[in-house]
Amino acid sequence: RTRPLGIPHDARAVHRVFWTVSGSLAAIMSRSKKTASSDRAGEHDVTSSIAAECVDDAILRTIAEALSAADLDRRRLEATLQAIPVGVWICDAAGRVTHANPAAARIWGGRAPHAGSTQEYSMYRAWWPQSGTPLEPHDWAMLRTLRSGATISGEAIDIERFDGTRGHVLMSTAAIRDGDGIITGSVSAVVDITESHDAAQERERLLASLDYGN
């Protein structure tokens, strides 16, 4: 079964915003307390207290706005992934599959198991079209992108679905990076081209038979 499609990297980003802002708040409040204790005039104590409360409110509003924006972005992305006919997988920095959309399950015959390690990619059976050589776990485009950061576009592979049928897909991948450019995961988009692929092969077979007959 597919899992709800939250994006963990957004959540971590929100947490970083929260802790950064919280740290700033703590520092400001600490300075305000020191100022208040060192000021001899009562007016300065009151002014410092009011200033701290204003900063407190402003930071809380910033946190609330950041959380709201992240949640809205997450919901938009979830709705998009639910609707598109392209299969999407997302993995974390260790290569563990964390999310797969409904189209991913349809492409693979009703299932899209979440590989808990790179070795578990072997549960997905696939071959290189030109040579017929089976893909090893490290051959999957999403893991290669995770290692190198390179974007892969339209890589063709033949697959055996979990219902036993065969298919042909095009796979594209891209790295997911944090604000510092560090790779924190990768995403894979898969398009099922089985019908067009089989139709093209059938046309070639018919043309070859006609040429042979002549």
# chains A, B, ... in the order shown; residues from 1 in each chain; ligands from 1
>>> residues_around(residues="Ile90 of chain A", least_positions_apart="6", cutoff="9 Å", atoms="only C-alpha atoms", output="mmCIF file with all heavy atoms, in the first residue's frame")
data_model
loop_
_atom_site.group_PDB
_atom_site.id
_atom_site.type_symbol
_atom_site.label_atom_id
_atom_site.label_comp_id
_atom_site.auth_asym_id
_atom_site.auth_seq_id
_atom_site.Cartn_x
_atom_site.Cartn_y
_atom_site.Cartn_z
ATOM 1 N N ILE A 7 6.015 15.294 2.858
ATOM 2 C CA ILE A 7 7.398 15.391 2.414
ATOM 3 C C ILE A 7 8.272 15.687 3.617
ATOM 4 O O ILE A 7 8.209 16.772 4.186
ATOM 5 C CB ILE A 7 7.556 16.516 1.368
ATOM 6 C CG1 ILE A 7 6.592 16.250 0.201
ATOM 7 C CG2 ILE A 7 8.988 16.599 0.887
ATOM 8 C CD1 ILE A 7 6.788 14.913 -0.476
ATOM 9 N N ARG A 96 16.372 4.683 1.501
ATOM 10 C CA ARG A 96 15.115 4.053 1.912
ATOM 11 C C ARG A 96 13.941 4.760 1.240
ATOM 12 O O ARG A 96 13.835 5.987 1.296
ATOM 13 C CB ARG A 96 14.953 4.108 3.432
ATOM 14 C CG ARG A 96 15.954 3.281 4.200
ATOM 15 C CD ARG A 96 15.676 3.348 5.693
ATOM 16 N NE ARG A 96 15.891 4.701 6.199
ATOM 17 C CZ ARG A 96 17.004 5.098 6.808
ATOM 18 N NH1 ARG A 96 18.004 4.243 6.970
ATOM 19 N NH2 ARG A 96 17.129 6.331 7.253
ATOM 20 N N VAL A 97 13.054 3.998 0.611
ATOM 21 C CA VAL A 97 11.884 4.587 -0.031
ATOM 22 C C VAL A 97 10.899 5.011 1.056
ATOM 23 O O VAL A 97 10.480 4.199 1.878
ATOM 24 C CB VAL A 97 11.212 3.593 -0.994
ATOM 25 C CG1 VAL A 97 9.924 4.189 -1.559
ATOM 26 C CG2 VAL A 97 12.165 3.234 -2.128
ATOM 27 N N THR A 98 10.560 6.278 1.063
ATOM 28 C CA THR A 98 9.675 6.817 2.091
ATOM 29 C C THR A 98 8.271 7.093 1.574
ATOM 30 O O THR A 98 7.324 7.100 2.354
ATOM 31 C CB THR A 98 10.253 8.118 2.676
ATOM 32 O OG1 THR A 98 10.430 9.079 1.611
ATOM 33 C CG2 THR A 98 11.590 7.858 3.352
ATOM 34 N N HIS A 99 8.139 7.325 0.262
ATOM 35 C CA HIS A 99 6.826 7.662 -0.288
ATOM 36 C C HIS A 99 6.697 7.143 -1.713
ATOM 37 O O HIS A 99 7.669 7.106 -2.456
ATOM 38 C CB HIS A 99 6.615 9.180 -0.285
ATOM 39 C CG HIS A 99 6.675 9.794 1.070
ATOM 40 N ND1 HIS A 99 7.862 10.176 1.653
ATOM 41 C CD2 HIS A 99 5.699 10.041 1.965
ATOM 42 C CE1 HIS A 99 7.622 10.653 2.860
ATOM 43 N NE2 HIS A 99 6.325 10.579 3.067
ATOM 44 N N ALA A 100 5.478 6.740 -2.064
ATOM 45 C CA ALA A 100 5.147 6.339 -3.428
ATOM 46 C C ALA A 100 3.689 6.701 -3.659
ATOM 47 O O ALA A 100 2.852 6.482 -2.784
ATOM 48 C CB ALA A 100 5.374 4.843 -3.626
ATOM 49 N N MET A 142 17.344 6.036 -9.171
ATOM 50 C CA MET A 142 17.165 6.851 -7.979
ATOM 51 C C MET A 142 18.379 6.742 -7.053
ATOM 52 O O MET A 142 18.796 7.740 -6.446
ATOM 53 C CB MET A 142 15.878 6.447 -7.239
ATOM 54 C CG MET A 142 15.479 7.408 -6.145
ATOM 55 S SD MET A 142 13.719 7.312 -5.712
ATOM 56 C CE MET A 142 13.611 5.657 -5.060
ATOM 57 N N GLY A 185 18.098 13.242 -0.288
ATOM 58 C CA GLY A 185 17.236 12.212 -0.852
ATOM 59 C C GLY A 185 17.185 12.368 -2.351
ATOM 60 O O GLY A 185 17.916 13.173 -2.947
ATOM 61 N N SER A 186 16.323 11.597 -2.984
ATOM 62 C CA SER A 186 16.115 11.745 -4.425
ATOM 63 C C SER A 186 14.682 11.361 -4.758
ATOM 64 O O SER A 186 14.004 10.695 -3.978
ATOM 65 C CB SER A 186 17.105 10.885 -5.223
ATOM 66 O OG SER A 186 16.936 9.508 -4.943
ATOM 67 N N VAL A 187 14.246 11.813 -5.920
ATOM 68 C CA VAL A 187 12.884 11.545 -6.369
ATOM 69 C C VAL A 187 12.945 10.914 -7.756
ATOM 70 O O VAL A 187 13.810 11.254 -8.564
ATOM 71 C CB VAL A 187 12.047 12.843 -6.400
ATOM 72 C CG1 VAL A 187 12.672 13.882 -7.314
ATOM 73 C CG2 VAL A 187 10.602 12.559 -6.828
ATOM 74 N N SER A 188 12.062 9.966 -7.991
ATOM 75 C CA SER A 188 12.011 9.263 -9.274
ATOM 76 C C SER A 188 10.610 9.376 -9.859
ATOM 77 O O SER A 188 9.621 9.149 -9.160
ATOM 78 C CB SER A 188 12.380 7.786 -9.088
ATOM 79 O OG SER A 188 12.197 7.070 -10.297
#
>>> closest_residue(among="A:Cys91, A:Ala103, A:Gly110, A:Asp73", to="Thr173 of chain A", atoms="only C-alpha atoms")
A:Cys91
>>> closest_residue(among="A:His138, A:Thr145, A:Pro85, A:Arg205", to="Ala175 of chain A", atoms="only C-alpha atoms")
A:Thr145
>>> atom_distance(atom1="atom CA of Leu135 of chain A", atom2="atom CA of Glu202 of chain A")
25.7 Å
>>> select_by_dssp(residues="segment 61-104 of chain A", states="strand (DSSP E or B)", output="list in words")
Gly87, Val88, Trp89, Ile90, Cys91, Asp92, Val97, Thr98, His99 and Ala100 of chain A
>>> atom_distance(atom1="atom CA of His168 of chain A", atom2="atom CA of Thr194 of chain A")
4.7 Å
>>> closest_residue(among="A:Leu77, A:Ile107, A:Ile193, A:Ile159", to="Trp127 of chain A", atoms="only C-alpha atoms")
A:Ile159
>>> atom_distance(atom1="atom CA of Pro102 of chain A", atom2="atom CA of Gly87 of chain A")
7.3 Å
>>> select_by_dssp(residues="segment 38-168 of chain A", states="alpha helix (DSSP H)", output="PyMOL selection string")
chain A and resi 38+42-83+102-107+141-148
>>> residues_around(residues="Thr184 of chain A", least_positions_apart="6", cutoff="9 Å", atoms="only C-alpha atoms", output="list in words")
His9, Cys91, Asp92, Ala93, Ala94, Leu146, Ala175, Ile176, Arg177 and Asp178 of chain A
>>> residues_around(residues="Glu120 of chain A", least_positions_apart="2", cutoff="12 Å", atoms="only C-alpha atoms", output="count of residues only")
18
>>> closest_residue(among="A:Pro129, A:Gly167, A:Gly149, A:Gly109", to="Val191 of chain A", atoms="only C-alpha atoms")
A:Gly167
